[in-house]
Amino acid sequence: MNIPTNEQLLEQLKNVKGPDLESNIVDLGIVSDIHYADGKVSFSLSVPAERAEKLEPMRAAAEKTIMEVEGVEKALVVLTAESNSKSAGATPTGGSMPGSGADTQVRPAPDAKEMGAVPPPMAGKAGGSAPAPEKAGLPKGIKSIIAVASGKGGVGKSTTSVNLALAMQAKGKKVGILDADIYGPSLPRLLGIAGRPQQVSGSIIKPLEGFGIKVISMGFLVDEETPMIWRGPMVISAITQMLRQVEWGEIDILVVDMPPGTGDVQLTMAQQVPLAGAVIVSTPQDLALIDARKGLNMFRQVDVPLLGIIENMSYFICDKCGEKHEIFGHGGARDEAERIGVPYLGGVPLHKEIRTNSDAGTPIVVSNPEGEHAKIYQQIAGEVLNRLDTESEMSIRPKIVIE
């Protein structure tokens with residue numbers, strides 16, 4: 001198979017007109033982070049934030065054009081916001097495109113404020129701060145969005161997200177799941193799904209399905225072993241497109257499997273998407289709980305309802321002796337929930353059956369729905385749904401203010 005160079009890819013992209021409709025996107029310096037691996041090309045187009053929606057045809061044209069290069073089988077092009085003080089077509093500044101070997105110039109990466117991710121005010125800071133950006137409405141057809149998050153990686157967040165989604169579906173809900181963990185997408189493997197989303201019309205794509213749940217993930221667009229070497233703005237742009245440029249249809253609940261931590265992706269999602277609530281996943285030990293507190297505090301600061309905490313890997317029962325072992329401690333998440341006044345949703349054991357079924361792409365909730373582990377997820381899902389109903393009722397109650 002022909003392996004195109006970055007120079008060849010850039011030369012092809014010169015066929016795409018820029019926002020000024022005179023110069024091309026390469027000469028204007030808005031192409032950046034171009035990357036080719038195993039037949040797939042990805043790059044970003046830096047445009048003014050206020051013109052991003054109108055410039056979607058340019059993005060689509062770039063994606064179509066790059067597919068014409070021999071050796072390119074798939075393409076992913078994202079729009080990233082640039083500073084409002086610049087315009088797409090102004091004299092570009094900055095260094096050479098990483099790894100391109102070309103003289104093309106790229107613009108400086110936008111800061112957090114330009115992407116709408118304005119940090120909440122720090123405690124004790126004088127003078128207050130500007131109000132958070134107004135949240136966009138829910139994507140068409142979606143009634144509620146909940147985030148499943150964790151303060152750190154390795155606590156079983158994605159496994160929990162998938163089993164919760166399937167358990168809510170078993171309770172009669174129409175459910176979708178968005179894999180927002182761009183750097184480590186795991187939903188394709190967890191759900192045993194392979195393939196590429198099909199384009200419906202324009203920039204709208206159709207999600208894949210696994211066990212009746214609609215799914216979208218960056219894992220459908222890149223191989224498991226291909227690293228996503230992207231800056232924060234590119235990640236945010238990709239997540240926004242996966243949320244709003246997907247034909248979800250009618251969905252009661254969209255579960256968002258968030259990346260671990262409390263970075264710009266989590267903050268932007270919390271501030272710009274009307275989340276109905278957040279679920280925090282942690283393991284019992286103090287080290288994980290310290291990071292879980294950060295996630296809880298972040299959602300509180302941006303006024304996202306906390307649906308509760310799940311203690312994953314809560315205990316281990318030996319197959320041979322039947323004894324219960326608290327490998328990572330036990331009850332830490334419950335104690336933390338009580339301390340800060342957040343619902344404790346339940347504890348999930350560390351068990352080989354959950355792990356092997358996850359690796360095999362047959363989550364425990366569907367592979368053994370009558371088993372004790374599936375029933376734990378079903379019970380937690382019921383608690384989450386109850387909390388959603390409670391939060392919904394509270395949001396529509398009239399608020400009486402006495403001055």
# chains A, B, ... in the order shown; residues from 1 in each chain; ligands from 1

call {"tool": "residues_around", "arguments": {"residues": "Gly18 (chain A)", "least_positions_apart": "4", "cutoff": "9 Å", "atoms": "only C-alpha atoms", "output": "short mmCIF file (atom, residue, chain, number, x, y, z; two decimals) with N, CA and C atoms, in the first residue's frame"}}
result
data_model
loop_
_atom_site.label_atom_id
_atom_site.label_comp_id
_atom_site.auth_asym_id
_atom_site.auth_seq_id
_atom_site.Cartn_x
_atom_site.Cartn_y
_atom_site.Cartn_z
N GLU A 22 -10.59 32.46 -1.48
CA GLU A 22 -9.57 32.82 -2.46
C GLU A 22 -8.33 31.95 -2.28
N SER A 23 -7.76 31.98 -1.09
CA SER A 23 -6.58 31.17 -0.81
C SER A 23 -7.01 29.78 -0.36
N ASN A 24 -6.05 28.84 -0.33
CA ASN A 24 -6.36 27.49 0.13
C ASN A 24 -6.03 27.34 1.61
N ILE A 25 -6.54 26.28 2.23
CA ILE A 25 -6.41 26.11 3.67
C ILE A 25 -4.97 25.88 4.11
N VAL A 26 -4.12 25.38 3.23
CA VAL A 26 -2.71 25.17 3.59
C VAL A 26 -1.97 26.49 3.62
N ASP A 27 -2.11 27.28 2.56
CA ASP A 27 -1.41 28.57 2.49
C ASP A 27 -1.91 29.53 3.58
N LEU A 28 -3.17 29.36 4.00
CA LEU A 28 -3.71 30.21 5.06
C LEU A 28 -3.18 29.81 6.44
N ILE A 30 -4.09 27.17 8.36
CA ILE A 30 -5.07 26.70 9.34
C ILE A 30 -5.06 25.18 9.49
N MET A 58 -16.37 23.47 4.77
CA MET A 58 -14.93 23.46 4.50
C MET A 58 -14.29 22.23 5.12
N ALA A 88 -9.42 33.65 10.21
CA ALA A 88 -8.86 32.62 9.35
C ALA A 88 -8.51 33.22 8.03
N GLY A 89 -7.30 33.50 7.81
CA GLY A 89 -6.91 34.19 6.60
C GLY A 89 -5.94 35.31 6.93
#

call {"tool": "residues_around", "arguments": {"residues": "region 217-225 of chain A", "least_positions_apart": "4", "cutoff": "10 Å", "atoms": "only C-alpha atoms", "output": "PyMOL selection string"}}
result
chain A and resi 37-42+74-76+177-189+193-197+207-208+238-239+242+257

call {"tool": "residues_around", "arguments": {"residues": "region 382-391 of chain A", "least_positions_apart": "5", "cutoff": "10 Å", "atoms": "only C-alpha atoms", "output": "list in words"}}
result
Ser144, Ile146, Leu164, Ala167, Met168, Lys171, Lys173, Ile253, Ala276, Gly277, Ala278, Val279, Pro305, Leu306, Leu307, Gly308, Pro343, Tyr344, Leu345, Gly346, Ile376, Tyr377 and Ile396 of chain A

call {"tool": "closest_residue", "arguments": {"among": "A:Met298, A:Ile309, A:Leu138, A:Ala52", "to": "Ile251 (chain A)", "atoms": "only C-alpha atoms"}}
result
A:Leu138

call {"tool": "closest_residue", "arguments": {"among": "A:Leu166, A:Val47, A:Cys321, A:Leu243", "to": "Val31 (chain A)", "atoms": "only C-alpha atoms"}}
result
A:Val47

call {"tool": "select_by_dssp", "arguments": {"residues": "region 270-311 of chain A", "states": "strand (DSSP E or B)", "output": "number ranges by chain"}}
result
A: 277-282, 306-311
